[in-house]
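Right, one structure below, let's go through it.
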Amino acid sequence: MRFLFRPPAAEAGGLLALPWAQPLEDWDEKLLLTVPQRGISRHVVRFVASEGRVYALKEIAESLARHEYAVLGELEREGMPSVSVLGLCVDRPDDQQAILVTRYLDHSMSYRYLFSSPRGEHSADRLVDTLVELLVRLHLSGTFWGDCSLSNTLFRLDAGSLAAYLVDAETVERHPQLSAGQRTYDVDLARERIGGELMDLEAGGLLPSDIDPIQVADSVPERYAALWDEVTREEFFRLDEQRYRVAERLRRLNDLGFDVGEVELVTSESGARLRVDIRVAEIGQSRRELFKLTGLEVQEGQARRLLNDLRSFRAYLEQRDGAPVPETTAGHLWRNEVYDPVVAAVPPDLLGVLAPAELFHEVLVHRWFLSENAGRDVGTTAALRSYLATVLPDREASESGFADDDFE
């Protein structure tokens with residue numbers, strides 16, 4: 001047998017003792033990890049834990065494994081939203097298929113798991129819009145998916161919204177630029193697959209009765225076309241409008257989750273033409289700023305929400321002390337006096353339900369509701385006590401009520 005791991009992969013050593021010579025479906029259950037949030041796969045997929053990390057192992061033909069290994073590596077280097085590949089095992093005894101190893105995407109969920117949640121907060125429209133955004137981002141980077149579906153996507157909460165990540169890259173093709181025909185073909189495939197998946201949910205009693213699977217699926221091309229036009233179109237306007245129109249367009253793109261790489265403005269006597277170059281990698285301005293100030297590594301939406309609270313805390317410090325407070329000082333104090341105490345206050349048996357940054361975001365939202373009802377700012381400490389007593393236990397109970405075989 002041969003193992004191929006992508007550096008840095010120091011954790012790979014802990015996986016070498018696994019029984020790679022045996023068929024994956026025959027591995028001892030004691031070696032495996034149950035992941036209720038997992039999705040359905042047409043291949044044999046198992047999960048294992050090593051040195052505090054979780055890995056997904058998929059048994060597929062060696063040619064497909066090598067292709068997916070290379071493609072996922074490229075996407076990861078470019079910062080695209082996809083799972084992270086660790087390595088593969090080939091030349092297994094008795095002409096067995098290869099095993100592709102990817103790092104489990106922490107706090108991610110399959111579409112079936114989201115719809116199975118008794119909290120019912122995730123609509124079909126919301127999931128499809130998130131998937132369409134991922135498809136547009138991939139197409140802008142010259143990536144043809146070839147198998148876009150809800151099943152081949154994982155979703156993660158990001159400050160109350162959802163972020164989508166590509167999981168299955170067996171059919172992915174990379175090009176300098178996609179033609180309109182390639183994009184249309186990908187969108188049509190997505191429409192067909194999403195329709196089938198929603199009908200499957202309907203048959204299982206998981207889809208709300210007011211949702212028409214065919215209607216939602218048929219809306220995919222329209223949703224895609226609207227977003228593609230929004231992020232790629234050129235705009236024309238009068239010279240006296242250019243200042244606010246440019247700012248308006250950039251703000252709109254940022255609100256949609258896209259960073260701007262370059263702005264080209266060509267003026268003439270008749271007006272101005274605006275062309276915006278989208279930075280297609282996973283957005284990260286707020287993430288980088290929060291990391292610089294606090295050392296926290298979170299998702300972009302979470303970073304924006306946490307930065308807002310940090311800035312409010314800085315304003316409070318300056319008002320209290322009657323003197324300016326440097327950003328770095330405010331970041332250090334906010335981390336030590338606000339964020340860390342909130343995360344540390346969560347009882348051990350409730351940890352793991354949410355990512356710490358998402359939990360902190362929910363406490364902030366809860367504080368806002370309590371303050372609205374009270375007509376004053378109740379403060380983070382009071383909001384945390386209320387959240388731990390009334391919100392988190394219900395969430396933990398609902399999230400833990402699923403077995404892995406619900407999704408096989």
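Naming scheme: A, B, ... for chains in displayed order of the structure tokens; residues 1 onward per chain; ligands 1 onward as shown.
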
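Every residue of segment 220-351 of chain A with a DSSP assignment of strand (DSSP E or B), taken from the backbone, is listed as Glu235, Phe236, Phe237, Asp259, Val260, Gly261, Glu262, Val263, Glu264, Leu265, Val266, Thr267, Ser268, Gly271, Ala272, Arg273, Leu274, Arg275, Val276, Asp277, Ile278 and Arg279 of chain A.
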
Problem set entry | Close residues, Ala21 of chain A itself excluded, 12 Å, only C-alpha atoms, min 6 positions apart in chain, as a PyMOL selection string | chain A and resi 1-3+27+89-99

Keeping N, CA, C and O atoms for every residue in the selection just given, could you write it to a file as an mmCIF file, in the first residue's frame?
data_model
loop_
_atom_site.group_PDB
_atom_site.id
_atom_site.type_symbol
_atom_site.label_atom_id
_atom_site.label_comp_id
_atom_site.auth_asym_id
_atom_site.auth_seq_id
_atom_site.Cartn_x
_atom_site.Cartn_y
_atom_site.Cartn_z
ATOM 1 N N MET A 1 0.837 -1.196 0.000
ATOM 2 C CA MET A 1 0.000 0.000 0.000
ATOM 3 C C MET A 1 0.875 1.251 0.000
ATOM 4 O O MET A 1 2.024 1.211 0.486
ATOM 5 N N ARG A 2 0.314 2.312 -0.520
ATOM 6 C CA ARG A 2 1.026 3.589 -0.533
ATOM 7 C C ARG A 2 0.113 4.673 0.032
ATOM 8 O O ARG A 2 -1.080 4.717 -0.266
ATOM 9 N N PHE A 3 0.711 5.561 0.823
ATOM 10 C CA PHE A 3 -0.015 6.689 1.395
ATOM 11 C C PHE A 3 0.547 7.981 0.815
ATOM 12 O O PHE A 3 1.769 8.136 0.700
ATOM 13 N N TRP A 27 -14.594 -2.180 8.670
ATOM 14 C CA TRP A 27 -13.801 -1.687 9.796
ATOM 15 C C TRP A 27 -14.590 -1.833 11.095
ATOM 16 O O TRP A 27 -15.819 -1.678 11.128
ATOM 17 N N CYS A 89 -4.950 6.799 0.174
ATOM 18 C CA CYS A 89 -4.278 5.510 0.281
ATOM 19 C C CYS A 89 -4.582 4.720 -0.985
ATOM 20 O O CYS A 89 -5.754 4.533 -1.339
ATOM 21 N N VAL A 90 -3.541 4.271 -1.691
ATOM 22 C CA VAL A 90 -3.708 3.535 -2.949
ATOM 23 C C VAL A 90 -2.940 2.212 -2.877
ATOM 24 O O VAL A 90 -2.243 1.940 -1.897
ATOM 25 N N ASP A 91 -3.076 1.409 -3.944
ATOM 26 C CA ASP A 91 -2.414 0.108 -4.018
ATOM 27 C C ASP A 91 -2.777 -0.779 -2.829
ATOM 28 O O ASP A 91 -1.935 -1.460 -2.238
ATOM 29 N N ARG A 92 -4.066 -0.800 -2.496
ATOM 30 C CA ARG A 92 -4.541 -1.633 -1.404
ATOM 31 C C ARG A 92 -4.666 -3.092 -1.871
ATOM 32 O O ARG A 92 -4.833 -3.348 -3.062
ATOM 33 N N PRO A 93 -4.581 -4.056 -0.958
ATOM 34 C CA PRO A 93 -4.602 -5.478 -1.345
ATOM 35 C C PRO A 93 -5.884 -5.867 -2.079
ATOM 36 O O PRO A 93 -6.932 -5.230 -1.919
ATOM 37 N N ASP A 94 -5.781 -6.889 -2.905
ATOM 38 C CA ASP A 94 -6.925 -7.481 -3.608
ATOM 39 C C ASP A 94 -7.626 -6.484 -4.521
ATOM 40 O O ASP A 94 -8.859 -6.532 -4.688
ATOM 41 N N ASP A 95 -6.843 -5.588 -5.101
ATOM 42 C CA ASP A 95 -7.374 -4.605 -6.058
ATOM 43 C C ASP A 95 -8.509 -3.767 -5.473
ATOM 44 O O ASP A 95 -9.446 -3.363 -6.187
ATOM 45 N N GLN A 96 -8.426 -3.489 -4.190
ATOM 46 C CA GLN A 96 -9.440 -2.636 -3.575
ATOM 47 C C GLN A 96 -9.313 -1.195 -4.079
ATOM 48 O O GLN A 96 -8.250 -0.768 -4.529
ATOM 49 N N GLN A 97 -10.414 -0.473 -3.993
ATOM 50 C CA GLN A 97 -10.402 0.927 -4.397
ATOM 51 C C GLN A 97 -9.546 1.754 -3.447
ATOM 52 O O GLN A 97 -9.190 1.327 -2.351
ATOM 53 N N ALA A 98 -9.213 2.964 -3.886
ATOM 54 C CA ALA A 98 -8.430 3.876 -3.054
ATOM 55 C C ALA A 98 -9.326 4.480 -1.967
ATOM 56 O O ALA A 98 -10.561 4.417 -2.043
ATOM 57 N N ILE A 99 -8.712 5.064 -0.960
ATOM 58 C CA ILE A 99 -9.438 5.782 0.085
ATOM 59 C C ILE A 99 -8.948 7.221 0.101
ATOM 60 O O ILE A 99 -7.745 7.480 0.256
#

For this session: May I ask for the distance between atom CA of Lys58 of chain A and atom CA of Lys30 of chain A, given in Å to one decimal place?
Result: 17.9 Å

Problem set entry | Distance of atom CA of Leu359 of chain A from atom CA of Thr380 of chain A, expressed in Å to one decimal place |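 We find that atom CA of Thr380 of chain A and atom CA of Leu359 of chain A lie 12.8 Å from each other.
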
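For Leu206 of chain A, the list of residues within 9 Å, based on only C-alpha atoms and with local chain neighbours fewer than 6 positions off taken out, reads Arg112, Phe115, Ser116 and Asp200 of chain A.
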
For this session: From a DSSP calculation on the backbone, collect every residue of segment 43-145 of chain A in helix (DSSP H, G or I) and output the set as a ChimeraX atom specification.
Result: /A:62-77,93-95,111-116,124-140

For this session: For atom CA of Ser50 of chain A and atom CA of Ser63 of chain A, determine how far apart the two atoms are, in Å to one decimal place.
Result: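 The value is 26.7 Å.
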
Shell of 9 Å around segment 144-151 of chain A, only C-alpha atoms, local chain residues under 4 positions omitted, as an mmCIF file with all heavy atoms, in the first residue's frame:
data_model
loop_
_atom_site.group_PDB
_atom_site.id
_atom_site.type_symbol
_atom_site.label_atom_id
_atom_site.label_comp_id
_atom_site.auth_asym_id
_atom_site.auth_seq_id
_atom_site.Cartn_x
_atom_site.Cartn_y
_atom_site.Cartn_z
ATOM 1 N N GLY A 39 -24.112 13.734 5.459
ATOM 2 C CA GLY A 39 -25.069 13.583 4.383
ATOM 3 C C GLY A 39 -25.040 12.172 3.817
ATOM 4 O O GLY A 39 -24.363 11.279 4.330
ATOM 5 N N ILE A 40 -25.800 11.969 2.752
ATOM 6 C CA ILE A 40 -25.853 10.678 2.080
ATOM 7 C C ILE A 40 -24.789 10.627 0.992
ATOM 8 O O ILE A 40 -24.568 11.616 0.297
ATOM 9 C CB ILE A 40 -27.245 10.451 1.466
ATOM 10 C CG1 ILE A 40 -28.293 10.356 2.574
ATOM 11 C CG2 ILE A 40 -27.279 9.202 0.609
ATOM 12 C CD1 ILE A 40 -29.704 10.262 2.068
ATOM 13 N N SER A 41 -24.116 9.493 0.838
ATOM 14 C CA SER A 41 -23.084 9.355 -0.189
ATOM 15 C C SER A 41 -23.323 8.083 -0.984
ATOM 16 O O SER A 41 -23.785 7.072 -0.434
ATOM 17 C CB SER A 41 -21.690 9.309 0.448
ATOM 18 O OG SER A 41 -20.695 9.063 -0.528
ATOM 19 N N SER A 110 -25.451 18.571 6.847
ATOM 20 C CA SER A 110 -26.029 18.243 5.560
ATOM 21 C C SER A 110 -27.401 18.889 5.440
ATOM 22 O O SER A 110 -28.010 19.295 6.436
ATOM 23 C CB SER A 110 -26.164 16.728 5.402
ATOM 24 O OG SER A 110 -27.190 16.237 6.261
ATOM 25 N N TYR A 111 -27.919 18.963 4.215
ATOM 26 C CA TYR A 111 -29.238 19.558 4.027
ATOM 27 C C TYR A 111 -30.320 18.728 4.702
ATOM 28 O O TYR A 111 -31.304 19.265 5.242
ATOM 29 C CB TYR A 111 -29.535 19.740 2.530
ATOM 30 C CG TYR A 111 -29.992 18.501 1.802
ATOM 31 C CD1 TYR A 111 -31.333 18.280 1.511
ATOM 32 C CD2 TYR A 111 -29.065 17.524 1.399
ATOM 33 C CE1 TYR A 111 -31.748 17.134 0.843
ATOM 34 C CE2 TYR A 111 -29.480 16.384 0.725
ATOM 35 C CZ TYR A 111 -30.817 16.192 0.464
ATOM 36 O OH TYR A 111 -31.226 15.057 -0.185
ATOM 37 N N ARG A 112 -30.145 17.397 4.722
ATOM 38 C CA ARG A 112 -31.131 16.543 5.386
ATOM 39 C C ARG A 112 -31.158 16.804 6.883
ATOM 40 O O ARG A 112 -32.216 16.830 7.516
ATOM 41 C CB ARG A 112 -30.830 15.067 5.113
ATOM 42 C CG ARG A 112 -31.048 14.632 3.678
ATOM 43 C CD ARG A 112 -30.779 13.143 3.496
ATOM 44 N NE ARG A 112 -31.682 12.326 4.278
ATOM 45 C CZ ARG A 112 -32.883 11.943 3.853
ATOM 46 N NH1 ARG A 112 -33.311 12.303 2.660
ATOM 47 N NH2 ARG A 112 -33.641 11.187 4.622
ATOM 48 N N LEU A 127 -31.603 27.601 1.678
ATOM 49 C CA LEU A 127 -30.562 26.658 1.291
ATOM 50 C C LEU A 127 -30.204 26.801 -0.185
ATOM 51 O O LEU A 127 -29.021 26.782 -0.552
ATOM 52 C CB LEU A 127 -31.009 25.225 1.582
ATOM 53 C CG LEU A 127 -30.368 24.570 2.804
ATOM 54 C CD1 LEU A 127 -30.837 25.267 4.069
ATOM 55 C CD2 LEU A 127 -30.718 23.095 2.880
ATOM 56 N N VAL A 128 -31.228 26.934 -1.038
ATOM 57 C CA VAL A 128 -30.965 27.046 -2.477
ATOM 58 C C VAL A 128 -30.212 28.329 -2.795
ATOM 59 O O VAL A 128 -29.277 28.328 -3.608
ATOM 60 C CB VAL A 128 -32.286 26.964 -3.270
ATOM 61 C CG1 VAL A 128 -32.058 27.311 -4.732
ATOM 62 C CG2 VAL A 128 -32.882 25.564 -3.156
ATOM 63 N N LEU A 131 -26.626 27.773 -1.902
ATOM 64 C CA LEU A 131 -25.975 26.897 -2.879
ATOM 65 C C LEU A 131 -25.713 27.639 -4.181
ATOM 66 O O LEU A 131 -24.654 27.466 -4.803
ATOM 67 C CB LEU A 131 -26.842 25.666 -3.130
ATOM 68 C CG LEU A 131 -26.290 24.627 -4.120
ATOM 69 C CD1 LEU A 131 -24.897 24.172 -3.719
ATOM 70 C CD2 LEU A 131 -27.229 23.443 -4.236
ATOM 71 N N LEU A 135 -22.197 28.247 -6.234
ATOM 72 C CA LEU A 135 -22.018 27.913 -7.644
ATOM 73 C C LEU A 135 -21.508 29.119 -8.425
ATOM 74 O O LEU A 135 -20.617 28.982 -9.273
ATOM 75 C CB LEU A 135 -23.344 27.420 -8.234
ATOM 76 C CG LEU A 135 -23.282 26.835 -9.653
ATOM 77 C CD1 LEU A 135 -22.319 25.661 -9.714
ATOM 78 C CD2 LEU A 135 -24.668 26.401 -10.120
ATOM 79 N N LEU A 138 -17.830 29.567 -7.650
ATOM 80 C CA LEU A 138 -17.017 28.576 -8.354
ATOM 81 C C LEU A 138 -16.886 28.933 -9.833
ATOM 82 O O LEU A 138 -15.793 28.847 -10.411
ATOM 83 C CB LEU A 138 -17.639 27.190 -8.200
ATOM 84 C CG LEU A 138 -17.585 26.567 -6.801
ATOM 85 C CD1 LEU A 138 -18.455 25.321 -6.735
ATOM 86 C CD2 LEU A 138 -16.151 26.242 -6.402
ATOM 87 N N HIS A 139 -17.979 29.330 -10.468
ATOM 88 C CA HIS A 139 -17.948 29.675 -11.885
ATOM 89 C C HIS A 139 -17.060 30.888 -12.149
ATOM 90 O O HIS A 139 -16.367 30.955 -13.171
ATOM 91 C CB HIS A 139 -19.368 29.944 -12.385
ATOM 92 C CG HIS A 139 -20.167 28.690 -12.574
ATOM 93 N ND1 HIS A 139 -21.487 28.688 -12.978
ATOM 94 C CD2 HIS A 139 -19.829 27.374 -12.402
ATOM 95 C CE1 HIS A 139 -21.916 27.439 -13.061
ATOM 96 N NE2 HIS A 139 -20.931 26.635 -12.707
ATOM 97 N N LEU A 166 -18.312 23.133 -0.936
ATOM 98 C CA LEU A 166 -18.263 21.992 -1.846
ATOM 99 C C LEU A 166 -17.631 20.802 -1.138
ATOM 100 O O LEU A 166 -16.583 20.937 -0.503
ATOM 101 C CB LEU A 166 -17.473 22.366 -3.094
ATOM 102 C CG LEU A 166 -17.272 21.296 -4.174
ATOM 103 C CD1 LEU A 166 -17.188 21.958 -5.547
ATOM 104 C CD2 LEU A 166 -16.004 20.481 -3.936
ATOM 105 N N VAL A 167 -18.261 19.625 -1.276
ATOM 106 C CA VAL A 167 -17.747 18.416 -0.636
ATOM 107 C C VAL A 167 -17.210 17.438 -1.671
ATOM 108 O O VAL A 167 -16.100 16.925 -1.536
ATOM 109 C CB VAL A 167 -18.853 17.733 0.199
ATOM 110 C CG1 VAL A 167 -18.328 16.452 0.826
ATOM 111 C CG2 VAL A 167 -19.354 18.677 1.277
ATOM 112 N N ASP A 168 -17.985 17.167 -2.693
ATOM 113 C CA ASP A 168 -17.645 16.144 -3.682
ATOM 114 C C ASP A 168 -17.083 16.794 -4.935
ATOM 115 O O ASP A 168 -17.766 17.570 -5.609
ATOM 116 C CB ASP A 168 -18.889 15.332 -4.026
ATOM 117 C CG ASP A 168 -18.565 14.017 -4.705
ATOM 118 O OD1 ASP A 168 -17.709 14.044 -5.615
ATOM 119 O OD2 ASP A 168 -19.151 12.989 -4.356
ATOM 120 N N ALA A 169 -15.823 16.496 -5.276
ATOM 121 C CA ALA A 169 -15.163 17.133 -6.420
ATOM 122 C C ALA A 169 -14.789 16.135 -7.507
ATOM 123 O O ALA A 169 -13.931 16.418 -8.340
ATOM 124 C CB ALA A 169 -13.910 17.883 -5.949
ATOM 125 N N GLU A 170 -15.433 14.978 -7.537
ATOM 126 C CA GLU A 170 -15.079 13.943 -8.512
ATOM 127 C C GLU A 170 -15.254 14.423 -9.951
ATOM 128 O O GLU A 170 -14.493 14.046 -10.843
ATOM 129 C CB GLU A 170 -15.947 12.701 -8.294
ATOM 130 C CG GLU A 170 -15.699 11.985 -6.980
ATOM 131 C CD GLU A 170 -16.710 10.879 -6.761
ATOM 132 O OE1 GLU A 170 -17.165 10.286 -7.761
ATOM 133 O OE2 GLU A 170 -17.055 10.600 -5.596
ATOM 134 N N THR A 171 -16.279 15.239 -10.196
ATOM 135 C CA THR A 171 -16.594 15.667 -11.563
ATOM 136 C C THR A 171 -16.112 17.075 -11.868
ATOM 137 O O THR A 171 -16.375 17.605 -12.955
ATOM 138 C CB THR A 171 -18.116 15.615 -11.793
ATOM 139 O OG1 THR A 171 -18.774 16.436 -10.815
ATOM 140 C CG2 THR A 171 -18.630 14.193 -11.661
ATOM 141 N N VAL A 172 -15.415 17.695 -10.949
ATOM 142 C CA VAL A 172 -14.992 19.094 -11.120
ATOM 143 C C VAL A 172 -13.946 19.222 -12.218
ATOM 144 O O VAL A 172 -13.035 18.399 -12.337
ATOM 145 C CB VAL A 172 -14.438 19.650 -9.793
ATOM 146 C CG1 VAL A 172 -13.687 20.959 -10.022
ATOM 147 C CG2 VAL A 172 -15.569 19.856 -8.793
ATOM 148 N N GLU A 173 -14.099 20.275 -13.032
ATOM 149 C CA GLU A 173 -13.104 20.635 -14.036
ATOM 150 C C GLU A 173 -12.679 22.082 -13.806
ATOM 151 O O GLU A 173 -13.514 22.934 -13.529
ATOM 152 C CB GLU A 173 -13.681 20.497 -15.457
ATOM 153 C CG GLU A 173 -14.135 19.099 -15.830
ATOM 154 C CD GLU A 173 -14.806 19.067 -17.196
ATOM 155 O OE1 GLU A 173 -14.793 20.119 -17.893
ATOM 156 O OE2 GLU A 173 -15.370 18.026 -17.563
ATOM 157 N N ARG A 174 -11.378 22.334 -13.958
ATOM 158 C CA ARG A 174 -10.869 23.702 -13.806
ATOM 159 C C ARG A 174 -10.488 24.255 -15.176
ATOM 160 O O ARG A 174 -9.815 23.588 -15.965
ATOM 161 C CB ARG A 174 -9.626 23.742 -12.901
ATOM 162 C CG ARG A 174 -9.765 23.113 -11.536
ATOM 163 C CD ARG A 174 -10.828 23.764 -10.660
ATOM 164 N NE ARG A 174 -10.724 25.200 -10.514
ATOM 165 C CZ ARG A 174 -9.891 25.842 -9.674
ATOM 166 N NH1 ARG A 174 -9.037 25.153 -8.946
ATOM 167 N NH2 ARG A 174 -9.887 27.151 -9.582
ATOM 168 N N HIS A 175 -10.909 25.483 -15.444
ATOM 169 C CA HIS A 175 -10.619 26.158 -16.709
ATOM 170 C C HIS A 175 -10.220 27.600 -16.418
ATOM 171 O O HIS A 175 -10.585 28.153 -15.367
ATOM 172 C CB HIS A 175 -11.850 26.149 -17.627
ATOM 173 C CG HIS A 175 -12.378 24.782 -17.941
ATOM 174 N ND1 HIS A 175 -11.869 24.007 -18.963
ATOM 175 C CD2 HIS A 175 -13.364 24.040 -17.361
ATOM 176 C CE1 HIS A 175 -12.525 22.859 -19.012
ATOM 177 N NE2 HIS A 175 -13.431 22.848 -18.048
ATOM 178 N N LEU A 178 -15.026 29.901 -17.770
ATOM 179 C CA LEU A 178 -16.111 29.054 -18.248
ATOM 180 C C LEU A 178 -16.906 29.760 -19.343
ATOM 181 O O LEU A 178 -17.121 30.973 -19.290
ATOM 182 C CB LEU A 178 -17.062 28.687 -17.103
ATOM 183 C CG LEU A 178 -16.499 27.830 -15.971
ATOM 184 C CD1 LEU A 178 -17.619 27.470 -14.996
ATOM 185 C CD2 LEU A 178 -15.817 26.584 -16.493
ATOM 186 N N GLN A 182 -21.124 26.129 -20.603
ATOM 187 C CA GLN A 182 -20.703 25.336 -19.453
ATOM 188 C C GLN A 182 -21.458 25.747 -18.200
ATOM 189 O O GLN A 182 -21.901 24.909 -17.417
ATOM 190 C CB GLN A 182 -19.191 25.489 -19.236
ATOM 191 C CG GLN A 182 -18.337 24.770 -20.266
ATOM 192 C CD GLN A 182 -16.864 25.110 -20.107
ATOM 193 O OE1 GLN A 182 -16.485 26.283 -19.991
ATOM 194 N NE2 GLN A 182 -16.034 24.083 -20.103
ATOM 195 N N ARG A 183 -21.611 27.051 -18.021
ATOM 196 C CA ARG A 183 -22.337 27.541 -16.841
ATOM 197 C C ARG A 183 -23.801 27.103 -16.887
ATOM 198 O O ARG A 183 -24.364 26.676 -15.883
ATOM 199 C CB ARG A 183 -22.233 29.060 -16.752
ATOM 200 C CG ARG A 183 -20.814 29.563 -16.464
ATOM 201 C CD ARG A 183 -20.779 31.036 -16.104
ATOM 202 N NE ARG A 183 -21.232 31.893 -17.183
ATOM 203 C CZ ARG A 183 -22.407 32.500 -17.231
ATOM 204 N NH1 ARG A 183 -23.289 32.334 -16.239
ATOM 205 N NH2 ARG A 183 -22.738 33.292 -18.246
ATOM 206 N N TYR A 185 -25.088 24.517 -18.419
ATOM 207 C CA TYR A 185 -25.166 23.068 -18.198
ATOM 208 C C TYR A 185 -25.078 22.759 -16.704
ATOM 209 O O TYR A 185 -25.839 21.918 -16.179
ATOM 210 C CB TYR A 185 -24.044 22.369 -18.960
ATOM 211 C CG TYR A 185 -24.091 20.866 -18.887
ATOM 212 C CD1 TYR A 185 -25.056 20.146 -19.583
ATOM 213 C CD2 TYR A 185 -23.169 20.161 -18.119
ATOM 214 C CE1 TYR A 185 -25.099 18.751 -19.505
ATOM 215 C CE2 TYR A 185 -23.206 18.780 -18.033
ATOM 216 C CZ TYR A 185 -24.174 18.078 -18.739
ATOM 217 O OH TYR A 185 -24.219 16.711 -18.660
ATOM 218 N N ASP A 186 -24.167 23.429 -16.007
ATOM 219 C CA ASP A 186 -24.011 23.219 -14.567
ATOM 220 C C ASP A 186 -25.287 23.617 -13.823
ATOM 221 O O ASP A 186 -25.727 22.926 -12.901
ATOM 222 C CB ASP A 186 -22.825 24.038 -14.049
ATOM 223 C CG ASP A 186 -21.870 23.213 -13.195
ATOM 224 O OD1 ASP A 186 -22.114 22.006 -13.022
ATOM 225 O OD2 ASP A 186 -20.872 23.777 -12.718
ATOM 226 N N VAL A 187 -25.878 24.734 -14.224
ATOM 227 C CA VAL A 187 -27.100 25.217 -13.566
ATOM 228 C C VAL A 187 -28.260 24.251 -13.819
ATOM 229 O O VAL A 187 -29.052 23.961 -12.916
ATOM 230 C CB VAL A 187 -27.455 26.637 -14.049
ATOM 231 C CG1 VAL A 187 -28.813 27.066 -13.511
ATOM 232 C CG2 VAL A 187 -26.383 27.631 -13.616
ATOM 233 N N LEU A 189 -28.069 21.043 -14.406
ATOM 234 C CA LEU A 189 -27.846 19.863 -13.573
ATOM 235 C C LEU A 189 -28.255 20.128 -12.130
ATOM 236 O O LEU A 189 -28.873 19.278 -11.477
ATOM 237 C CB LEU A 189 -26.368 19.448 -13.626
ATOM 238 C CG LEU A 189 -25.887 18.721 -14.882
ATOM 239 C CD1 LEU A 189 -24.379 18.515 -14.804
ATOM 240 C CD2 LEU A 189 -26.587 17.375 -15.026
ATOM 241 N N ALA A 190 -27.905 21.316 -11.637
ATOM 242 C CA ALA A 190 -28.264 21.677 -10.264
ATOM 243 C C ALA A 190 -29.780 21.698 -10.090
ATOM 244 O O ALA A 190 -30.309 21.199 -9.092
ATOM 245 C CB ALA A 190 -27.666 23.039 -9.913
ATOM 246 N N ARG A 191 -30.500 22.258 -11.057
ATOM 247 C CA ARG A 191 -31.961 22.311 -10.979
ATOM 248 C C ARG A 191 -32.550 20.899 -10.891
ATOM 249 O O ARG A 191 -33.431 20.624 -10.069
ATOM 250 C CB ARG A 191 -32.518 23.041 -12.206
ATOM 251 C CG ARG A 191 -34.048 23.115 -12.235
ATOM 252 C CD ARG A 191 -34.540 23.765 -13.504
ATOM 253 N NE ARG A 191 -34.159 22.998 -14.694
ATOM 254 C CZ ARG A 191 -34.791 21.910 -15.123
ATOM 255 N NH1 ARG A 191 -35.843 21.443 -14.460
ATOM 256 N NH2 ARG A 191 -34.385 21.271 -16.200
ATOM 257 N N GLU A 192 -32.047 20.007 -11.742
ATOM 258 C CA GLU A 192 -32.555 18.639 -11.763
ATOM 259 C C GLU A 192 -32.291 17.919 -10.448
ATOM 260 O O GLU A 192 -33.192 17.264 -9.887
ATOM 261 C CB GLU A 192 -31.894 17.883 -12.916
ATOM 262 C CG GLU A 192 -32.290 16.426 -13.020
ATOM 263 C CD GLU A 192 -31.541 15.706 -14.121
ATOM 264 O OE1 GLU A 192 -31.150 16.362 -15.118
ATOM 265 O OE2 GLU A 192 -31.344 14.491 -14.008
ATOM 266 N N ARG A 193 -31.073 18.041 -9.935
ATOM 267 C CA ARG A 193 -30.717 17.327 -8.718
ATOM 268 C C ARG A 193 -31.425 17.909 -7.489
ATOM 269 O O ARG A 193 -31.876 17.169 -6.607
ATOM 270 C CB ARG A 193 -29.201 17.349 -8.522
ATOM 271 C CG ARG A 193 -28.486 16.347 -9.434
ATOM 272 C CD ARG A 193 -27.032 16.708 -9.625
ATOM 273 N NE ARG A 193 -26.296 15.650 -10.300
ATOM 274 C CZ ARG A 193 -26.433 15.332 -11.584
ATOM 275 N NH1 ARG A 193 -27.313 15.983 -12.323
ATOM 276 N NH2 ARG A 193 -25.700 14.370 -12.127
ATOM 277 N N ILE A 194 -31.515 19.219 -7.409
ATOM 278 C CA ILE A 194 -32.183 19.853 -6.264
ATOM 279 C C ILE A 194 -33.660 19.457 -6.239
ATOM 280 O O ILE A 194 -34.219 19.187 -5.167
ATOM 281 C CB ILE A 194 -32.020 21.383 -6.331
ATOM 282 C CG1 ILE A 194 -30.557 21.756 -6.035
ATOM 283 C CG2 ILE A 194 -32.951 22.083 -5.342
ATOM 284 C CD1 ILE A 194 -30.235 23.208 -6.289
ATOM 285 N N GLU A 197 -33.882 15.984 -4.815
ATOM 286 C CA GLU A 197 -33.572 15.937 -3.385
ATOM 287 C C GLU A 197 -34.718 16.499 -2.547
ATOM 288 O O GLU A 197 -35.047 15.966 -1.475
ATOM 289 C CB GLU A 197 -32.281 16.715 -3.125
ATOM 290 C CG GLU A 197 -31.049 15.999 -3.670
ATOM 291 C CD GLU A 197 -29.842 16.907 -3.789
ATOM 292 O OE1 GLU A 197 -30.011 18.131 -3.984
ATOM 293 O OE2 GLU A 197 -28.712 16.386 -3.698
#
